[in-house]
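Report on the structure given below.
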Amino acid sequence: MKSSMERLNRTGMSTAPELAREALQVTRATRPSSEGDAEAIASVRIAYSKSGESIGSIPPPDPAAAPRNGAAVAPIFLDKLGERLAFERSGVRLYDALLSKFDAFGTWDNGPSRGDLEEIRNDELSHFTMLRETMIQVGGDPTAVTPSADLHGVASKGLCSVLADPRTTLGESLEAILVAELVDNDCWENLSDLALAVGEEELARTFDEALNEERDHLRRVRSWLGARLSQTATGELEDAFQLRAEQRERGWDPPAAERPRQAKRISQRVASSAKPKRKGATASTKKTRKNGARSRTRNARA
């Protein structure tokens with residue numbers, strides 16, 4: 001079977017310019033089915049938005065079920081707990097589908113092993129279980145679809161479609177997983193910060209542990225995709241991808257134009273910092289002292 005790179009792409013118009021001109025003539029000769037433009041569409045959207053209901057509601061906490069003796073729980077905290085709960089459940093299913101892609105296509109040098117994918121899948125299941133227990137602990141309903149859970153469920157439908165598509169390979173499916181992991185990392189940070197804001201310090205520590213695991217997931221997915229892109233383009237793992245990974249570990253991600261010269265600049269800075277500092281005042285220090293002397297002279301005259 002030919003790869004997608006080898007098959008003829010018939011979606012572009014440049015391969016058949018004569019037919020393209022004929023197609024454009026049809027659009028000019030055919031009148032629109034209705035009058036109006038984008039402004040009319042926008043006005044309809046605005047009207048629907050003003051008259052529409054909210055996405056959903058948050059079930060109130062159950063005082064009898066909560067071990068906090070019915071202590072008030074911020075609705076937004078229950079909402080975001082429900083969001084992470086639904087997302088981690090979907091994460092398990094995404095990695096289940098990714099395992100099928102691995103079995104169908106295999107991997108590449110410096111790519112994921114089946115054990116790697118199983119480990120992340122089990123982490124997602126562990127996070128789901130922890131969130132379910134947390135929701136019960138604070139008196140919430142883990143089966144409820146909160147507004148944020150509904151929102152993220154709709155937003156991530158495309159990810160599920162990519163993984164379920166029999167035409168997508170392991171590498172292409174990992175592109176969708178990268179999107180999920182990026183969202184997951186930010187949302188775990190928000191949940192941890194929210195727990196601190198509502199006084200749930202112990203839960204915040206638990207969420208931080210999950211966040212550290214999610215950061216490791218993101219790092220590994222990025223590494224696997226980088227290895228695939230590099231090897232597909234050049235046949236080997238290029239230094240640029242390894243350098244990018246090191247920069248992310250340090251929390252610094254310079255623009256692409258800076259990366260080729262970065263290694264040289266770093267070595268130069270290290271070498272210059274190792275040199276003994278010159279004794280005496282620098283030019284800036286001398287200038288400061290001179291300005292200070294002038295100021296004192298003016299004050300004395302006054």
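Labeling convention for the structure tokens: chains A, B, ... as they appear, residues from 1 per chain, ligands from 1 in order of appearance.
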Tell me which protein, DNA and RNA residues are within 9 Å of Ala176 (chain A), counting only C-alpha atoms, leaving out same-chain ones fewer than 6 positions away, and put them as a count of residues only.
-> 5
Surrounding residues of Glu236 (chain A) excluding itself and chain neighbours under 3 positions, 9 Å, only C-alpha atoms, as a PyMOL selection string | chain A and resi 109+227+230-233
List every residue of region 66-154 of chain A that DSSP, applied to the backbone of this structure, places in helix (DSSP H, G or I), and write the result as a ChimeraX atom specification.
-> /A:75-105,114-137,147-154
Near Leu81 (chain A), within 10 Å and counting only C-alpha atoms, which residues show up once chain neighbours fewer than 3 positions away are dropped, as a ChimeraX atom specification?
-> /A:75-78,84-87,131-132,134-135,140,142,146,148-149,188,191,195
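Between CA of Leu174 (chain A) and CA of Thr234 (chain A) the interatomic distance comes to 19.9 Å.
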Using only C-alpha atoms, pick whichever of A:Gly226, A:Ile120, A:Ile55, A:Val198 has the shortest atom-to-atom distance to Val154 (chain A).
-> A:Ile55
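Distances to Glu246 (chain A) were evaluated for A:Glu124, A:Ser223, A:Leu8, A:Gln137 using only C-alpha atoms, and the minimum falls at A:Ser223.
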Using only C-alpha atoms, determine which residues lie at most 12 Å from Ala245 (chain A), disregarding the query and same-chain residues fewer than 2 positions distant; provide the list as a PyMOL selection string.
-> chain A and resi 218-227+238-243+247-254+259
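Taking CA of Lys80 (chain A) and CA of Glu214 (chain A) as the two end points, the separation is 16.8 Å.
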What is the distance between CA of Leu94 (chain A) and CA of Asp116 (chain A), in Å to one decimal?
-> 14.2 Å
Counting only C-alpha atoms, which of A:Ala23, A:Ala42, A:Asp62, A:Gly56 gets nearest to Gly139 (chain A)?
-> A:Asp62
